[in-house]
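*Asks:* Starting off with a structure, shown below.
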Amino acid sequence: MTYLADVGALARKDLLLELRSRDTLPAMILFVVSTLVVFNFSLPAETGDLAAYGLLWVAIVFTAILGLTRAFAAEREQRVLDGLVLAPCDRSAIWLGKGISVVAFLALAEVVALPAFGLFFEPVTWELVAAVALADIGLAAVGTLLAAMAAASRARELLLPLLFLPLVIPVVVGGVGASIADDPGRYLGFLGLYDLIFAILSWASFEYVVTE
Amino acid sequence: MSTSLPNNRTAALAAAAFVLLLGGVALAFYWVPNAPLEGFRQRIFYIHVPVALTAYACFGWAAWKALRLLSTRDQRYDLESYTAVHMGVIFGILTLVTGSIWARTSWGVWWSWGERQLVLFLVLFLFYSAYFMLRYSVEPGPRRASMSAVYALFGVVLIPVSFLAIRLAEGLIHPVVFDRDIGSNLAGSQLLTFVVCLAGTLALAASLYGNELTGKRIDERLRELREALE
């Protein structure tokens with residue numbers, strides 16, 4: 001139970017920090033809405049309705065990148081990560097706590113983005129909401145680990161998208177499939193499988209990324 | 001650190017690769033009968049597919065060394081894993097090039113999103129190129145070694161997941177036009193030629209790997225000596 005308490009404390013710390021400083025979430029919301037507006041102008045008039053769903057997934061992935069580049073900013077600037085690694089808790093709890101806060105930020109950004117998408121483009125279906133929820137978990141699981149890697153590098157913000165995009169192509173496939181296919185179940189199942197595989201892998205390997 | 005033994009082995013592997021590849025190409029050109037549908041041009045199969053399988057083997061080898069590094073914390077596995085990824089990327093590029101040539105001769109286009117293997121290798125190429133970016137922008141040391149190892153392990157998990165994703169996407173975004181199911185029913189002469197070519201590319205990869213590993217070790221040793229002198 002101490003493990004869950006550690007995770008809760010770490011996630012609460014991130015959410016409190018954001019509540020007080022409001023660094024990341026407003027930027028993510030503004031970014032995702034701006035992206036949707038840009039898409040309106042990048043889609044020619046004859047483009048099918050389906051294209052809008054594809055672009056929504058691009059917007060979600062890019063918004064996740066925006067949030068993830070900030071995910072370890074405080075830890076890096078104030079050298080908090082060294083302290084966290086020294087703390088008497090399992091290192092994977094750091095990943096889980098950070099992952100929970102990333103999911104929370106992404107979900108809050110989407111609470112604005114999905115109605116905006118419904119307003120500007122196509123109706124938001126239940127399948128789309130389910131796919132977005134499942135995708136958030138996968139994006140946060142992989143993204144938190146890669147963000148910790150990128151934070152330790154010189155390139156930082158530059159490196160994260162390069163590491164992140166090839167890994168989340170399957171999420172985009174599953175998400176687009178669930179939004180437009182006649183049988184969304186297969187794609188939702190695939191998203192769930194992706195979440196499971198990569199959450200376990202990231203959970204197990206996070207320790208090696210933050211320690212020497 | 002003795003380098004004479006691995007060098008002999010590398011030389012033997014290089015010789016084996018030369019003989020096997022020469023033999024394999026000769027068999028592919030002069031012995032194997034023309035394929036029923038594709039005719040003469042189908043013979044690129046005997047280079048393209050072994051090269052692709054060799055690239056998978058390199059990525060798998062890199063992941064195995066990465067796993068050894070994480071479990072033993074022995075730093076020498078870092079260089080081995082890195083060299084294996086390096087070789088995998090080289091063979092991955094060869095796969096993309098030969099696949100592209102095959103697509104051009106078969107369908108008249110240099111690129112087809114309907115070709116699973118090619119799309120998968122494009123994704124893997126991007127993924128492993130980022131591996132190099134990661135290595136170049138982190139200070140050398142144990143932390144870089146374990147980060148690279150974790151990334152290499154992600155790669156080997158990404159291969160089947162991406163393959164599944166590409167299959168799912170195919171039916172959805174691009175109709176499946178081409179079905180190339182040659183590998184499943186090889187006749188005797190075709191199978192033998194294929195095995196000879198595969199052994200040749202694997203031996204080539206192993207000898208390049210040994211060679212590159214020796215070179216990288218010498219580089220590292222030289223850097224240590226320079227630092228010790230300063």
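By convention in this document, the chains of the structure tokens carry letters A, B, ... by their order, each chain's residues are numbered from 1, and ligands are numbered from 1 in the order they are shown.
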Could you write out as a PyMOL selection string the residues of chain B within 10 Å of chain A, counting only C-alpha atoms?

*Replies:* chain B and resi 70+73+122-131+133-139+141-151+153-155+157-159+161-173

*Asks:* Using DSSP on the backbone, list every residue of range 49-115 of chain B that comes out as alpha helix (DSSP H), and give them as a ChimeraX atom specification.

*Replies:* /B:49-72,76-107

*Asks:* Just want the 9 Å neighbourhood of range 18-24 of chain A, counted on only C-alpha atoms, with same-chain residues fewer than 6 positions away dropped. Output as a VMD selection string.

*Replies:* chain A and resid 66 to 67 70 to 71 105

*Asks:* Could you save those same residues with C-alpha atoms as a PDB file, in the first residue's frame?

*Replies:*
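Done, and the output landed in selection.pdb:
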```
ATOM      1  CA  LEU A  66       3.723  19.651 -26.051  1.00  0.00           C
ATOM      2  CA  GLY A  67       2.681  18.488 -22.603  1.00  0.00           C
ATOM      3  CA  ARG A  70       7.118  20.211 -20.023  1.00  0.00           C
ATOM      4  CA  ALA A  71       6.593  17.076 -17.938  1.00  0.00           C
ATOM      5  CA  PHE A 105      -3.470  17.038 -18.449  1.00  0.00           C
TER       6      PHE A 105
END
```

*Asks:* Separation of CA of Val49 in chain B and CA of Gly114 in chain B, in Å?

*Replies:* 16.9 Å

*Asks:* For Arg217 in chain B, list every protein, DNA or RNA residue within 9 Å, evaluated using only C-alpha atoms, and leave out those in the same chain fewer than 5 positions away; present the list as number ranges by chain.

*Replies:* B: 79, 212, 222

*Asks:* Could you write out the selected residues, including C-alpha atoms, as a PDB file, in the first residue's frame?

*Replies:*
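Result written to out-v7.pdb:
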```
ATOM      1  CA  LEU B  79      29.040  -1.033 -27.389  1.00  0.00           C
ATOM      2  CA  GLU B 212      32.847  -2.474 -36.500  1.00  0.00           C
ATOM      3  CA  LEU B 222      42.239   5.587 -27.763  1.00  0.00           C
TER       4      LEU B 222
END
```

*Asks:* Using Å and a single decimal, report how far CA of Leu30 in chain A sits from CA of Val103 in chain A.

*Replies:*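 CA of Val103 in chain A sits 17.4 Å away from CA of Leu30 in chain A.
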
*Asks:* Name all residues at most 8 Å from range 5-9 of chain A (count only C-alpha atoms; drop same-chain ones fewer than 5 positions away) and give them as an MDAnalysis selection string.

*Replies:* chainID A and resid 89 93:94 96:97

*Asks:* Between CA of Ala141 in chain A and CA of Leu106 in chain A, what is the distance, to one decimal in Å?

*Replies:*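 Straight-line distance from CA of Ala141 in chain A to CA of Leu106 in chain A works out to 12.1 Å.
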
*Asks:* Looking at only C-alpha atoms, which of B:Ala205, B:Trp64, B:Leu229, B:Phe45 is the one that sits closest to Val156 in chain B?

*Replies:* B:Trp64

*Asks:* Please identify all polymer residues within 8 Å of Leu213 in chain B, counting only C-alpha atoms, omitting same-chain residues fewer than 3 positions from it, and present them as a ChimeraX atom specification.

*Replies:* /B:79-80,83,209-210,216-217

*Asks:* Keeping only N, CA and C atoms, write the selected residues to a file as an mmCIF file, in the first residue's frame.

*Replies:*
```
data_model
loop_
_atom_site.group_PDB
_atom_site.id
_atom_site.type_symbol
_atom_site.label_atom_id
_atom_site.label_comp_id
_atom_site.auth_asym_id
_atom_site.auth_seq_id
_atom_site.Cartn_x
_atom_site.Cartn_y
_atom_site.Cartn_z
ATOM 1 N N LEU B 79 28.443 -1.188 -26.066
ATOM 2 C CA LEU B 79 29.040 -1.033 -27.389
ATOM 3 C C LEU B 79 28.531 -2.127 -28.332
ATOM 4 N N GLU B 80 28.331 -3.341 -27.787
ATOM 5 C CA GLU B 80 27.855 -4.446 -28.625
ATOM 6 C C GLU B 80 26.437 -4.180 -29.111
ATOM 7 N N THR B 83 26.544 -1.398 -31.737
ATOM 8 C CA THR B 83 27.038 -1.870 -33.033
ATOM 9 C C THR B 83 25.971 -2.694 -33.748
ATOM 10 N N TYR B 209 29.729 -6.741 -38.218
ATOM 11 C CA TYR B 209 29.547 -6.474 -36.790
ATOM 12 C C TYR B 209 30.860 -6.631 -36.036
ATOM 13 N N GLY B 210 31.567 -7.736 -36.304
ATOM 14 C CA GLY B 210 32.841 -7.966 -35.620
ATOM 15 C C GLY B 210 33.852 -6.883 -35.938
ATOM 16 N N LYS B 216 35.241 0.218 -32.976
ATOM 17 C CA LYS B 216 34.679 1.074 -31.932
ATOM 18 C C LYS B 216 35.420 0.885 -30.614
ATOM 19 N N ARG B 217 35.839 -0.358 -30.347
ATOM 20 C CA ARG B 217 36.593 -0.597 -29.111
ATOM 21 C C ARG B 217 37.929 0.119 -29.152
#
```

*Asks:* Can you list every residue of range 72-182 of chain A that has an atom at most 9 Å from range 53-57 of chain A, with its nearest atom pair and the distance in Å to one decimal, using only C-alpha atoms, ordered by chain then number, as a tab-separated table?

*Replies:*
```
residue	atom	partner	partner_atom	distance
A:Ala113	CA	A:Leu56	CA	8.9
A:Leu114	CA	A:Leu56	CA	8.7
A:Phe117	CA	A:Leu56	CA	7.6
A:Phe121	CA	A:Tyr53	CA	8.6
A:Glu122	CA	A:Tyr53	CA	7.7
A:Val132	CA	A:Trp57	CA	8.7
A:Val172	CA	A:Trp57	CA	6.3
A:Gly175	CA	A:Trp57	CA	7.0
A:Val176	CA	A:Gly54	CA	5.8
A:Ser179	CA	A:Tyr53	CA	6.8
A:Ile180	CA	A:Tyr53	CA	7.5
```

*Asks:* Please produce a file of the residues just selected, as an mmCIF file, in the first residue's frame, where the atoms kept are C-alpha atoms.

*Replies:*
```cif
data_model
loop_
_atom_site.group_PDB
_atom_site.id
_atom_site.type_symbol
_atom_site.label_atom_id
_atom_site.label_comp_id
_atom_site.auth_asym_id
_atom_site.auth_seq_id
_atom_site.Cartn_x
_atom_site.Cartn_y
_atom_site.Cartn_z
ATOM 1 C CA ALA A 113 -10.648 19.748 -27.857
ATOM 2 C CA LEU A 114 -13.350 17.144 -28.516
ATOM 3 C CA PHE A 117 -13.843 19.218 -32.937
ATOM 4 C CA PHE A 121 -15.879 19.373 -38.021
ATOM 5 C CA GLU A 122 -17.628 16.086 -37.335
ATOM 6 C CA VAL A 132 -9.153 8.875 -27.020
ATOM 7 C CA VAL A 172 -2.648 6.691 -34.391
ATOM 8 C CA GLY A 175 -7.341 5.733 -32.914
ATOM 9 C CA VAL A 176 -8.165 6.535 -36.525
ATOM 10 C CA SER A 179 -13.077 6.654 -35.149
ATOM 11 C CA ILE A 180 -13.999 5.728 -38.714
#
```

*Asks:* Can you tell me, as a PDB file with N, CA and C atoms, in the first residue's frame, what residues are no more than 10 Å from Ile101 in chain B when counting only C-alpha atoms, ignoring any on the same chain fewer than 3 positions away?

*Replies:*
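File written: part_36.pdb
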```
ATOM      1  N   ARG B  41      12.206 -11.100 -62.801  1.00  0.00           N
ATOM      2  CA  ARG B  41      12.457 -10.055 -61.800  1.00  0.00           C
ATOM      3  C   ARG B  41      12.201 -10.537 -60.375  1.00  0.00           C
ATOM      4  N   ILE B  44      14.942 -10.963 -57.288  1.00  0.00           N
ATOM      5  CA  ILE B  44      15.406 -10.003 -56.276  1.00  0.00           C
ATOM      6  C   ILE B  44      14.947 -10.448 -54.881  1.00  0.00           C
ATOM      7  N   HIS B  48      16.379  -9.454 -51.295  1.00  0.00           N
ATOM      8  CA  HIS B  48      15.531  -8.586 -50.479  1.00  0.00           C
ATOM      9  C   HIS B  48      15.119  -9.247 -49.160  1.00  0.00           C
ATOM     10  N   THR B  95      17.173  -3.031 -47.197  1.00  0.00           N
ATOM     11  CA  THR B  95      15.843  -3.597 -47.411  1.00  0.00           C
ATOM     12  C   THR B  95      14.932  -2.593 -48.105  1.00  0.00           C
ATOM     13  N   LEU B  96      14.986  -1.352 -47.650  1.00  0.00           N
ATOM     14  CA  LEU B  96      14.152  -0.321 -48.260  1.00  0.00           C
ATOM     15  C   LEU B  96      14.530  -0.132 -49.728  1.00  0.00           C
ATOM     16  N   VAL B  97      15.837  -0.138 -50.012  1.00  0.00           N
ATOM     17  CA  VAL B  97      16.283   0.095 -51.388  1.00  0.00           C
ATOM     18  C   VAL B  97      15.878  -1.071 -52.284  1.00  0.00           C
ATOM     19  N   THR B  98      16.161  -2.316 -51.824  1.00  0.00           N
ATOM     20  CA  THR B  98      15.823  -3.457 -52.679  1.00  0.00           C
ATOM     21  C   THR B  98      14.309  -3.608 -52.823  1.00  0.00           C
ATOM     22  N   ARG B 104       9.214  -1.147 -58.026  1.00  0.00           N
ATOM     23  CA  ARG B 104       9.303  -0.444 -59.303  1.00  0.00           C
ATOM     24  C   ARG B 104       9.180  -1.422 -60.471  1.00  0.00           C
ATOM     25  N   THR B 105       9.888  -2.574 -60.376  1.00  0.00           N
ATOM     26  CA  THR B 105       9.838  -3.511 -61.501  1.00  0.00           C
ATOM     27  C   THR B 105       8.490  -4.221 -61.559  1.00  0.00           C
ATOM     28  N   SER B 106       7.861  -4.448 -60.399  1.00  0.00           N
ATOM     29  CA  SER B 106       6.595  -5.187 -60.400  1.00  0.00           C
ATOM     30  C   SER B 106       5.413  -4.296 -60.736  1.00  0.00           C
ATOM     31  N   TRP B 107       5.341  -3.141 -60.096  1.00  0.00           N
ATOM     32  CA  TRP B 107       4.139  -2.333 -60.219  1.00  0.00           C
ATOM     33  C   TRP B 107       4.392  -0.967 -60.828  1.00  0.00           C
ATOM     34  N   GLY B 108       5.664  -0.668 -61.147  1.00  0.00           N
ATOM     35  CA  GLY B 108       5.947   0.607 -61.792  1.00  0.00           C
ATOM     36  C   GLY B 108       5.978   1.791 -60.848  1.00  0.00           C
ATOM     37  N   VAL B 109       5.960   1.544 -59.537  1.00  0.00           N
ATOM     38  CA  VAL B 109       6.077   2.663 -58.583  1.00  0.00           C
ATOM     39  C   VAL B 109       7.237   2.372 -57.639  1.00  0.00           C
ATOM     40  N   TRP B 110       7.892   3.422 -57.181  1.00  0.00           N
ATOM     41  CA  TRP B 110       9.029   3.243 -56.274  1.00  0.00           C
ATOM     42  C   TRP B 110       8.567   3.002 -54.853  1.00  0.00           C
ATOM     43  N   TRP B 111       7.385   3.414 -54.537  1.00  0.00           N
ATOM     44  CA  TRP B 111       6.907   3.236 -53.168  1.00  0.00           C
ATOM     45  C   TRP B 111       5.445   2.826 -53.181  1.00  0.00           C
TER      46      TRP B 111
END
```
